[in-house]
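Q: TSV, C-alpha atoms, file start.tsv:
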```tsv
chain	number	residue	atom	x	y	z
M	817	MET	CA	0.00	0.00	0.00
M	818	SER	CA	1.61	3.24	-1.12
M	819	ARG	CA	-0.36	5.54	1.14
M	820	GLU	CA	0.78	5.85	4.75
M	821	VAL	CA	-1.47	3.84	7.03
M	822	LYS	CA	-1.33	4.27	10.78
M	823	ILE	CA	-2.49	1.64	13.26
M	824	ALA	CA	-5.35	3.00	15.34
M	825	GLU	CA	-5.14	3.00	19.10
M	826	VAL	CA	-8.57	1.59	19.83
M	827	VAL	CA	-10.29	2.32	23.14
M	828	THR	CA	-11.31	-0.90	24.89
M	829	LEU	CA	-13.93	-1.16	27.62
M	830	ASP	CA	-14.41	-4.10	29.96
M	831	TYR	CA	-17.92	-5.58	29.98
M	832	ASN	CA	-17.70	-5.98	33.75
M	833	ASP	CA	-17.04	-2.25	34.17
M	834	LEU	CA	-20.06	-1.46	32.00
M	835	VAL	CA	-22.30	-3.73	34.07
M	836	ALA	CA	-20.99	-2.22	37.30
M	837	GLY	CA	-21.80	1.27	36.08
M	838	LYS	CA	-18.22	2.53	36.36
M	839	ASP	CA	-17.68	6.06	35.02
M	840	LEU	CA	-16.18	5.53	31.57
M	841	THR	CA	-17.01	8.93	30.09
M	842	ALA	CA	-13.32	9.77	29.57
M	843	GLU	CA	-12.99	6.65	27.43
M	844	ILE	CA	-16.14	7.58	25.52
M	845	GLU	CA	-14.65	10.98	24.71
M	846	ARG	CA	-11.40	9.38	23.50
M	847	ALA	CA	-13.32	6.99	21.26
M	848	TYR	CA	-16.21	9.10	19.98
M	849	GLY	CA	-15.09	12.68	20.53
M	850	ASP	CA	-13.70	14.98	17.87
M	851	ALA	CA	-10.23	13.42	18.01
M	852	GLY	CA	-11.45	9.82	18.24
M	853	MET	CA	-11.77	6.96	15.77
M	854	GLY	CA	-15.55	6.80	16.18
M	855	LEU	CA	-15.09	3.24	17.42
M	856	LEU	CA	-14.39	1.30	20.60
M	857	THR	CA	-14.32	-2.36	21.56
M	858	VAL	CA	-15.72	-4.28	24.52
M	859	LYS	CA	-14.00	-7.33	25.94
M	860	ASN	CA	-15.12	-10.15	28.27
M	861	VAL	CA	-18.71	-10.30	26.96
M	862	PRO	CA	-20.30	-13.59	28.12
M	863	SER	CA	-21.30	-16.04	25.36
M	864	PHE	CA	-20.08	-13.71	22.60
M	865	ILE	CA	-17.22	-15.86	21.30
M	866	GLU	CA	-19.40	-18.96	21.01
M	867	ALA	CA	-22.28	-17.06	19.37
M	868	ARG	CA	-19.91	-15.53	16.80
M	869	GLU	CA	-18.47	-18.92	15.95
M	870	ARG	CA	-21.96	-20.35	15.48
M	871	LEU	CA	-23.25	-17.63	13.17
M	872	LEU	CA	-20.44	-16.42	10.93
M	873	PRO	CA	-19.80	-19.70	9.05
M	874	LEU	CA	-23.50	-19.72	8.12
M	875	ALA	CA	-22.93	-16.62	5.95
M	876	ARG	CA	-20.77	-18.68	3.62
M	877	ARG	CA	-23.09	-21.67	3.72
M	878	PHE	CA	-26.02	-19.56	2.56
M	879	ALA	CA	-24.01	-17.62	-0.04
M	880	THR	CA	-22.85	-20.86	-1.67
M	881	LEU	CA	-26.38	-22.20	-2.12
M	882	PRO	CA	-27.66	-22.28	-5.74
M	883	ASP	CA	-28.75	-18.89	-7.07
M	884	GLU	CA	-32.33	-20.06	-7.56
M	885	VAL	CA	-32.50	-21.01	-3.88
M	886	LYS	CA	-31.10	-17.70	-2.67
M	887	ALA	CA	-33.51	-15.83	-4.94
M	888	LYS	CA	-36.43	-17.21	-2.89
M	889	TYR	CA	-35.29	-14.99	-0.03
M	890	GLU	CA	-34.91	-11.71	-1.93
M	891	HIS	CA	-37.36	-8.95	-1.09
M	892	PRO	CA	-37.33	-6.04	-3.56
M	893	GLU	CA	-40.43	-4.51	-1.93
M	894	SER	CA	-38.29	-3.50	1.06
M	895	PHE	CA	-35.49	-2.40	-1.27
M	896	TYR	CA	-33.65	-5.60	-0.27
M	897	ALA	CA	-33.54	-4.49	3.39
M	898	PHE	CA	-34.79	-7.92	4.47
M	899	GLY	CA	-33.56	-11.31	3.36
M	900	TRP	CA	-30.85	-11.85	0.74
M	901	SER	CA	-29.19	-9.05	-1.21
M	902	HIS	CA	-26.43	-9.45	-3.79
M	903	GLY	CA	-25.44	-7.02	-6.52
M	904	LYS	CA	-28.14	-4.50	-5.60
M	905	GLU	CA	-25.96	-1.78	-4.06
M	906	LYS	CA	-23.70	0.61	-5.92
M	907	LEU	CA	-20.17	1.55	-5.00
M	908	GLN	CA	-18.14	4.58	-5.98
M	909	GLY	CA	-18.34	5.19	-9.71
M	910	GLY	CA	-21.84	3.73	-9.92
M	911	LYS	CA	-20.79	0.10	-10.39
M	912	PHE	CA	-22.90	-2.58	-8.74
M	913	ASP	CA	-21.28	-4.32	-5.81
M	914	VAL	CA	-21.08	-8.05	-6.50
M	915	SER	CA	-18.13	-8.69	-4.19
M	916	LYS	CA	-20.31	-9.43	-1.19
M	917	GLY	CA	-23.71	-10.83	-0.33
M	918	SER	CA	-25.82	-9.84	2.68
M	919	PHE	CA	-28.64	-11.35	4.67
M	920	TYR	CA	-30.67	-8.73	6.57
M	921	ASN	CA	-33.20	-9.19	9.35
M	922	ASN	CA	-34.33	-7.72	12.65
M	923	PRO	CA	-32.52	-9.65	15.41
M	924	GLN	CA	-35.09	-8.72	18.06
M	925	TYR	CA	-38.56	-8.84	16.51
M	926	ASP	CA	-39.78	-11.17	13.77
M	927	GLU	CA	-42.87	-9.01	13.25
M	928	PRO	CA	-42.27	-5.53	14.73
M	929	VAL	CA	-45.80	-4.34	13.91
M	930	ASN	CA	-48.99	-6.03	12.77
M	931	ASP	CA	-50.30	-2.99	10.91
M	932	ALA	CA	-50.42	-3.72	7.17
M	933	GLU	CA	-50.52	-0.03	6.27
M	934	LEU	CA	-47.39	0.76	8.31
M	935	ILE	CA	-45.62	-2.17	6.67
M	936	ARG	CA	-46.64	-0.87	3.25
M	937	GLN	CA	-45.43	2.66	4.07
M	938	TYR	CA	-42.19	1.65	5.80
M	939	PRO	CA	-41.19	-1.76	4.41
M	940	SER	CA	-37.46	-1.25	4.98
M	941	PHE	CA	-38.12	-0.57	8.68
M	942	VAL	CA	-40.87	-2.93	9.81
M	943	HIS	CA	-41.43	-5.68	7.26
M	944	PRO	CA	-41.59	-9.12	8.92
M	945	ASN	CA	-38.36	-11.09	8.94
M	946	ILE	CA	-37.52	-13.52	6.15
M	947	TRP	CA	-35.73	-16.70	7.23
M	948	PRO	CA	-34.37	-19.59	5.12
M	949	LYS	CA	-36.29	-22.13	7.17
M	950	ASP	CA	-36.23	-24.76	4.42
M	951	ASP	CA	-32.65	-24.30	3.21
M	952	LEU	CA	-30.61	-23.21	6.25
M	953	PRO	CA	-32.90	-23.51	9.30
M	954	GLU	CA	-30.11	-22.99	11.85
M	955	MET	CA	-29.51	-19.43	10.67
M	956	GLU	CA	-32.50	-17.95	12.49
M	957	ALA	CA	-31.55	-18.92	16.04
M	958	ALA	CA	-27.86	-18.12	15.56
M	959	PHE	CA	-28.62	-14.73	13.95
M	960	LYS	CA	-30.97	-13.72	16.76
M	961	GLU	CA	-28.64	-14.95	19.49
M	962	LEU	CA	-25.60	-12.95	18.37
M	963	GLY	CA	-27.70	-9.92	17.43
M	964	GLN	CA	-29.39	-9.76	20.82
M	965	ILE	CA	-26.09	-10.13	22.68
M	966	ILE	CA	-24.70	-7.18	20.71
M	967	VAL	CA	-27.79	-5.04	21.37
M	968	SER	CA	-27.65	-5.78	25.11
M	969	VAL	CA	-24.04	-4.55	25.26
M	970	GLY	CA	-24.93	-1.62	23.01
M	971	ILE	CA	-27.38	-0.43	25.65
M	972	LEU	CA	-24.59	-0.39	28.23
M	973	VAL	CA	-22.34	1.59	25.87
M	974	ALA	CA	-25.24	3.97	25.19
M	975	LYS	CA	-25.58	4.72	28.91
M	976	GLN	CA	-21.97	5.85	28.99
M	977	CYS	CA	-22.45	7.94	25.85
M	978	ASP	CA	-25.48	9.63	27.41
M	979	ALA	CA	-23.51	10.42	30.57
M	980	TYR	CA	-20.66	11.91	28.54
M	981	VAL	CA	-22.87	14.12	26.37
M	982	SER	CA	-24.93	15.25	29.37
M	983	SER	CA	-21.72	16.40	31.06
M	984	LYS	CA	-20.97	18.62	28.06
M	985	CYS	CA	-24.44	19.73	27.00
M	986	PRO	CA	-27.02	20.63	29.68
M	987	THR	CA	-29.92	20.53	27.20
M	988	TYR	CA	-29.18	17.00	26.00
M	989	PRO	CA	-32.26	14.84	26.76
M	990	ALA	CA	-31.51	12.42	29.57
M	991	HIS	CA	-30.78	8.82	28.53
M	992	MET	CA	-31.53	9.61	24.88
M	993	LEU	CA	-29.33	7.05	23.14
M	994	GLN	CA	-30.24	4.38	25.67
M	995	ARG	CA	-33.94	5.13	25.14
M	996	ILE	CA	-33.62	4.93	21.37
M	997	ILE	CA	-31.97	1.52	21.46
M	998	GLU	CA	-34.31	0.11	24.12
M	999	GLU	CA	-37.54	1.39	22.56
M	1000	SER	CA	-36.90	1.02	18.85
M	1001	LEU	CA	-38.60	-1.77	16.94
M	1002	CYS	CA	-36.37	-1.17	13.91
M	1003	CYS	CA	-32.99	-2.66	14.79
M	1004	LYS	CA	-31.44	-4.25	11.69
M	1005	ALA	CA	-28.62	-6.77	11.48
M	1006	ARG	CA	-26.57	-7.70	8.44
M	1007	LEU	CA	-24.80	-11.02	7.98
M	1008	LEU	CA	-22.16	-10.57	5.27
M	1009	HIS	CA	-20.25	-12.95	3.04
M	1010	TYR	CA	-17.37	-11.43	1.09
M	1011	PHE	CA	-16.82	-13.72	-1.87
M	1012	PRO	CA	-13.32	-15.15	-2.33
M	1013	GLN	CA	-11.13	-13.69	-5.05
M	1014	THR	CA	-9.34	-15.73	-7.67
M	1015	GLU	CA	-5.58	-15.58	-8.13
M	1016	GLU	CA	-6.15	-13.41	-11.22
M	1017	GLN	CA	-8.34	-10.96	-9.29
M	1018	VAL	CA	-5.79	-10.68	-6.50
M	1019	ALA	CA	-2.97	-10.10	-8.99
M	1020	SER	CA	-4.86	-7.36	-10.82
M	1021	ALA	CA	-6.29	-5.58	-7.77
M	1022	ASN	CA	-5.44	-1.90	-7.35
M	1023	SER	CA	-3.76	-1.44	-3.96
M	1024	GLU	CA	-5.48	1.92	-3.51
M	1025	ASP	CA	-8.98	0.66	-4.30
M	1026	PHE	CA	-10.45	0.35	-0.81
M	1027	SER	CA	-14.00	0.21	-2.20
M	1028	ASN	CA	-13.59	-3.20	-3.87
M	1029	TRP	CA	-15.30	-4.92	-0.92
M	1030	CYS	CA	-17.09	-2.20	1.02
M	1031	GLY	CA	-16.82	1.48	0.04
M	1032	TRP	CA	-16.17	4.44	2.28
M	1033	HIS	CA	-19.23	5.46	4.25
M	1034	ASN	CA	-20.56	6.71	7.56
M	1035	ASP	CA	-23.18	4.64	9.36
M	1036	HIS	CA	-26.25	6.85	9.50
M	1037	GLY	CA	-28.00	5.16	12.45
M	1038	SER	CA	-27.28	5.66	16.14
M	1039	LEU	CA	-24.86	2.89	17.12
M	1040	THR	CA	-23.46	-0.04	15.14
M	1041	GLY	CA	-22.29	-3.23	16.84
M	1042	LEU	CA	-19.70	-5.38	15.09
M	1043	ALA	CA	-18.58	-8.98	15.33
M	1044	PRO	CA	-14.98	-9.22	14.06
M	1045	GLY	CA	-14.63	-10.84	10.65
M	1046	MET	CA	-13.80	-14.51	10.15
M	1047	LEU	CA	-11.71	-15.86	7.26
M	1048	LEU	CA	-12.71	-19.22	5.78
M	1049	ASP	CA	-11.00	-21.42	3.20
M	1050	ALA	CA	-12.57	-23.00	0.12
M	1051	GLU	CA	-14.00	-25.84	2.23
M	1052	GLY	CA	-15.55	-23.47	4.76
M	1053	ASN	CA	-13.00	-24.17	7.49
M	1054	PRO	CA	-11.25	-21.44	9.50
M	1055	ALA	CA	-8.33	-20.18	7.43
M	1056	GLU	CA	-5.70	-20.86	10.05
M	1057	GLY	CA	-2.33	-19.35	9.30
M	1058	VAL	CA	-3.62	-17.01	6.61
M	1059	ALA	CA	-2.05	-13.61	7.12
M	1060	ASP	CA	-3.02	-10.47	5.26
M	1061	PRO	CA	-2.16	-7.37	7.29
M	1062	ASP	CA	-3.97	-5.13	4.80
M	1063	ALA	CA	-7.36	-6.84	5.21
M	1064	GLY	CA	-10.01	-5.52	7.58
M	1065	LEU	CA	-11.48	-2.25	8.80
M	1066	TYR	CA	-10.09	1.20	7.99
M	1067	CYS	CA	-11.11	4.61	9.33
M	1068	MET	CA	-10.42	8.12	8.05
M	1069	SER	CA	-9.73	10.75	10.70
M	1070	ARG	CA	-11.15	14.27	10.57
M	1071	SER	CA	-7.72	15.43	9.43
M	1072	SER	CA	-7.79	12.95	6.50
M	1073	GLU	CA	-5.33	10.47	8.03
M	1074	LEU	CA	-5.84	6.80	7.21
M	1075	TYR	CA	-5.97	4.29	10.06
M	1076	LYS	CA	-6.15	0.51	10.14
M	1077	VAL	CA	-8.41	-0.72	12.96
M	1078	ASN	CA	-7.63	-4.12	14.44
M	1079	ILE	CA	-10.43	-5.67	16.51
M	1080	PRO	CA	-9.45	-8.83	18.41
M	1081	LYS	CA	-11.72	-11.74	17.56
M	1082	ASP	CA	-12.91	-11.98	21.17
M	1083	HIS	CA	-13.86	-8.28	21.30
M	1084	MET	CA	-17.09	-6.68	20.17
M	1085	GLY	CA	-16.81	-3.41	18.22
M	1086	PHE	CA	-19.10	-0.37	18.44
M	1087	GLN	CA	-19.12	2.49	15.95
M	1088	ILE	CA	-21.05	5.68	16.55
M	1089	GLY	CA	-23.49	6.71	13.82
M	1090	GLU	CA	-24.56	10.02	12.33
M	1091	THR	CA	-27.93	10.07	14.09
M	1092	ALA	CA	-26.16	9.98	17.46
M	1093	GLN	CA	-23.88	12.68	16.08
M	1094	ILE	CA	-26.93	14.85	15.37
M	1095	HIS	CA	-28.71	14.06	18.64
M	1096	SER	CA	-25.56	14.91	20.63
M	1097	GLY	CA	-24.97	18.18	18.81
M	1098	GLY	CA	-21.63	16.91	17.54
M	1099	TYR	CA	-20.17	15.74	20.86
M	1100	LEU	CA	-20.28	12.20	19.45
M	1101	GLN	CA	-18.71	11.96	15.99
M	1102	ALA	CA	-19.15	9.28	13.34
M	1103	THR	CA	-16.01	8.44	11.38
M	1104	PRO	CA	-15.86	7.34	7.72
M	1105	HIS	CA	-14.81	3.73	7.41
M	1106	SER	CA	-14.26	1.05	4.81
M	1107	VAL	CA	-13.72	-2.69	4.83
M	1108	ARG	CA	-10.97	-4.19	2.73
M	1109	GLY	CA	-11.02	-7.86	1.79
M	1110	ALA	CA	-8.30	-10.47	2.06
M	1111	ARG	CA	-5.82	-10.36	-0.81
M	1112	VAL	CA	-5.31	-14.09	-0.52
M	1113	PRO	CA	-6.83	-16.29	-3.26
M	1114	ASN	CA	-9.84	-18.47	-2.43
M	1115	ILE	CA	-10.39	-17.03	1.05
M	1116	SER	CA	-13.80	-15.63	2.01
M	1117	ARG	CA	-14.57	-13.23	4.83
M	1118	GLU	CA	-17.68	-13.47	7.01
M	1119	SER	CA	-18.89	-10.71	9.32
M	1120	PHE	CA	-21.92	-9.41	11.18
M	1121	ALA	CA	-23.09	-5.87	11.93
M	1122	VAL	CA	-26.05	-4.73	14.03
M	1123	PHE	CA	-27.48	-1.29	13.27
M	1124	MET	CA	-29.21	0.18	16.30
M	1125	GLU	CA	-31.35	3.05	15.10
M	1126	PRO	CA	-34.49	5.00	16.02
M	1127	MET	CA	-38.02	4.51	14.87
M	1128	TRP	CA	-38.69	6.27	11.56
M	1129	MET	CA	-40.67	9.09	13.21
M	1130	GLU	CA	-37.92	10.06	15.69
M	1131	PRO	CA	-36.93	13.72	15.15
M	1132	ALA	CA	-33.36	14.11	13.87
M	1133	VAL	CA	-32.52	17.24	15.86
M	1134	CYS	CA	-29.69	18.66	17.94
M	1135	PRO	CA	-30.25	19.46	21.63
M	1136	ALA	CA	-32.12	22.69	22.34
M	1137	GLY	CA	-29.97	25.75	21.82
M	1138	VAL	CA	-27.23	23.93	19.87
M	1139	ASP	CA	-26.45	25.34	16.43
M	1140	PRO	CA	-27.08	22.56	13.85
M	1141	ALA	CA	-23.80	23.56	12.16
M	1142	LYS	CA	-21.96	22.10	15.15
M	1143	ALA	CA	-23.15	18.61	14.28
M	1144	GLN	CA	-20.39	18.41	11.67
M	1145	SER	CA	-17.60	20.95	11.50
M	1146	GLN	CA	-16.61	22.48	8.19
M	1147	SER	CA	-13.10	21.05	8.46
M	1148	ALA	CA	-14.49	17.54	9.05
M	1149	ALA	CA	-16.78	17.87	6.04
M	1150	LEU	CA	-13.89	18.98	3.84
M	1151	ASN	CA	-11.79	15.97	4.85
M	1152	LEU	CA	-14.38	13.30	4.06
M	1153	PRO	CA	-13.19	10.57	1.65
M	1154	GLN	CA	-14.41	10.70	-1.92
M	1155	GLY	CA	-17.92	9.30	-2.16
M	1156	VAL	CA	-18.99	10.17	1.40
M	1157	PRO	CA	-21.60	12.96	1.25
M	1158	PRO	CA	-21.36	15.66	3.94
M	1159	LEU	CA	-23.98	15.48	6.65
M	1160	ALA	CA	-25.33	18.93	5.71
M	1161	SER	CA	-26.14	17.65	2.20
M	1162	ARG	CA	-28.56	15.06	3.63
M	1163	TRP	CA	-29.83	16.56	6.87
M	1164	ILE	CA	-31.57	19.83	7.71
M	1165	GLY	CA	-31.39	20.87	11.33
M	1166	ARG	CA	-34.29	22.59	13.02
M	1167	ASP	CA	-33.88	26.36	13.15
M	1168	ALA	CA	-35.93	29.49	12.45
M	1169	SER	CA	-36.05	28.75	8.73
M	1170	HIS	CA	-36.86	25.04	9.25
M	1171	PRO	CA	-39.17	24.82	12.27
M	1172	GLU	CA	-40.41	21.30	11.43
M	1173	PRO	CA	-37.72	18.77	12.33
M	1174	MET	CA	-36.51	16.20	9.84
M	1175	THR	CA	-37.35	12.68	10.97
M	1176	PHE	CA	-34.98	9.75	11.06
M	1177	GLY	CA	-36.98	8.15	8.25
M	1178	GLU	CA	-36.51	11.22	6.06
M	1179	PHE	CA	-32.81	11.36	6.94
M	1180	SER	CA	-32.47	7.67	6.02
M	1181	ASP	CA	-34.14	8.24	2.66
M	1182	ALA	CA	-31.88	11.19	1.89
M	1183	THR	CA	-28.81	9.16	2.88
M	1184	HIS	CA	-29.70	6.19	0.71
M	1185	LYS	CA	-30.31	8.46	-2.28
M	1186	ALA	CA	-26.97	10.18	-1.72
M	1187	TYR	CA	-25.07	6.89	-1.68
M	1188	TYR	CA	-27.06	4.85	-4.18
```
Translate this structure into structure tokens?

A:
Amino acid sequence: MSREVKIAEVVTLDYNDLVAGKDLTAEIERAYGDAGMGLLTVKNVPSFIEARERLLPLARRFATLPDEVKAKYEHPESFYAFGWSHGKEKLQGGKFDVSKGSFYNNPQYDEPVNDAELIRQYPSFVHPNIWPKDDLPEMEAAFKELGQIIVSVGILVAKQCDAYVSSKCPTYPAHMLQRIIEESLCCKARLLHYFPQTEEQVASANSEDFSNWCGWHNDHGSLTGLAPGMLLDAEGNPAEGVADPDAGLYCMSRSSELYKVNIPKDHMGFQIGETAQIHSGGYLQATPHSVRGARVPNISRESFAVFMEPMWMEPAVCPAGVDPAKAQSQSAALNLPQGVPPLASRWIGRDASHPEPMTFGEFSDATHKAYY
């Protein structure tokens, strides 16, 4: 890689400290504040390692099923936000992304609402889950198990975030991020399979093309939980001994420095999203990130992300009295990677000229249009 890449110093919290309610606001500021990576990890989470090992290999097992089988679980009516999705998203330059396949569902609620009209209006938020009960029945339980573990730890991280922002901003609504995660019916999880590359693809890959597996972006929800990726060989076994130091997660700092983020396989990762950035008035900052695949032939990568986000009608507003311009500084906007739209291009803060607040649903729509 010709560009200088620094190794990020990732803030790590202990699950036991979170449960005990220890004051970790200084760590939250280091992770999510203006100088942070927008990410932290949590160690010592009970049952996490086993749940990760149960679920991640199932991403490959589903992705290698015949195309006609996988097509049974596609759902264009929700814009492929439930069930199987492959080749539906666009990367930088407008090309369709066929390098990975995703299986989306709500890890908490199989049927968040029983109102047919709400489902018709907001299919990407509240459509009932779609499970491959006939073709990979074990996916459902494993998906829900890992997703719910991540959400439960996310609530503990949210409590610390709320305490930190409250210490800086007296008008910040008490327990806001915690409330959003606990009350929302719209949590979404994504099980990803990054298809293996051939020897020819590896040989011809551009070392600067970070978007070949997952392009630069900011998560637009509130908080994203991550299970570290797993590499598998052509038989679906753990790729022991495979080393590719360039593979994995990268972040771009607000001064345009490139960082490689290494998450230990027994740690859970948490990235702050743009909605928390808005709700905190900029005290919590999302960081652009990208995932780069293994440059080793015939090795696939499996991962899992849980997007904790508000209900669609939640106002996307800064705390009372906070200038919406503070949600993203001008210097941060100028240093965004190519292809990442500035927050101000997708979100309108409430002020005298815009008295009606933008909702999270409207912000989501604007974000999807900006990227895709």

Q: Quick one: residues within 12 Å of Ile844 of chain M, all atoms listed in the file, excluding same-chain residues fewer than 3 positions away - as number ranges by chain?

A: M: 826-829, 834, 839-841, 847-858, 972-981, 983, 1086-1088, 1099-1101

Q: Hey, what's within 8 Å of segment 1175-1184 of chain M if we count only C-alpha atoms and toss same-chain stuff fewer than 4 positions away? As a PyMOL selection string, please?

A: chain M and resi 1036+1091+1126-1132+1162-1163+1188

Q: Would you list the contacts of segment 952-956 of chain M as a list in words, taking every protein, DNA or RNA residue within 7 Å and counting all atoms listed in the file, but skipping same-chain residues closer than 4 positions in sequence?

A: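 With the cut-off at 7 Å, the set is Leu871, Leu874, Phe878, Trp947, Pro948 and Lys960 of chain M.
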
Q: I want to know what sits within 12 Å of Phe919 of chain M, based on all atoms listed in the file, with residues of the same chain fewer than 2 positions away left out; could you give that as a ChimeraX atom specification?

A: /M:871-872,874-879,886-887,889-891,896-902,916-917,921-923,945-948,955-956,959,1004-1010,1118-1122

Q: If you measure from atom CA of Val821 of chain M to atom CA of Glu1073 of chain M, what distance in Å do you get, rounded to one decimal?

A: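 Between atom CA of Val821 of chain M and atom CA of Glu1073 of chain M the gap works out to 7.7 Å.
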
Q: Would you pick out the contacts of Met1124 of chain M at 10 Å or less, using all atoms listed in the file, so that residues sharing its chain but fewer than 3 positions from it are not included, and give the list as a list in words?

A: Ile966, Val967, Gly970, Ile971, Leu993, Ile996, Ile997, Glu998, Ser1000, Leu1001, Cys1002, Cys1003, Lys1004, Ala1005, His1036, Gly1037, Ser1038, Leu1039, Thr1040, Gly1041, Ile1088, Gly1089, Ala1121 and Met1127 of chain M

Q: Around all of segment 1029-1047 of chain M's listed atoms, make the axis-aligned box with 8 Å on each side and tell me centre and edge lengths in Å to one decimal, as AutoDock Vina command-line options.

A:
```
--center_x -19.9 --center_y -4.5 --center_z 8.1 --size_x 32.3 --size_y 38.7 --size_z 34.0
```

Q: So how far away is atom CA of Cys1134 of chain M from atom CA of His1033 of chain M, in Å?

A: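 Atom-to-atom, atom CA of His1033 of chain M and atom CA of Cys1134 of chain M are spaced 21.7 Å apart.
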
Q: Identify which of the residues M:Pro892, M:Pro1012, M:Gly1057, M:Pro1140 lies closest to Leu1159 of chain M, counting all atoms listed in the file when measuring atom-to-atom distances.

A: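 Counting all atoms listed in the file, the residue closest to Leu1159 of chain M is M:Pro1140.
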
Q: Which residue gives the smallest distance to Cys985 of chain M among M:Gly1137, M:Pro1157, M:Pro928, M:Pro944, with only C-alpha atoms counted?

A: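 Closest to Cys985 of chain M of all the choices is M:Gly1137.
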
Q: Between atom CA of Ser1096 of chain M and atom CA of Val1156 of chain M, what distance in Å does the model show, to one decimal?

A: 20.9 Å
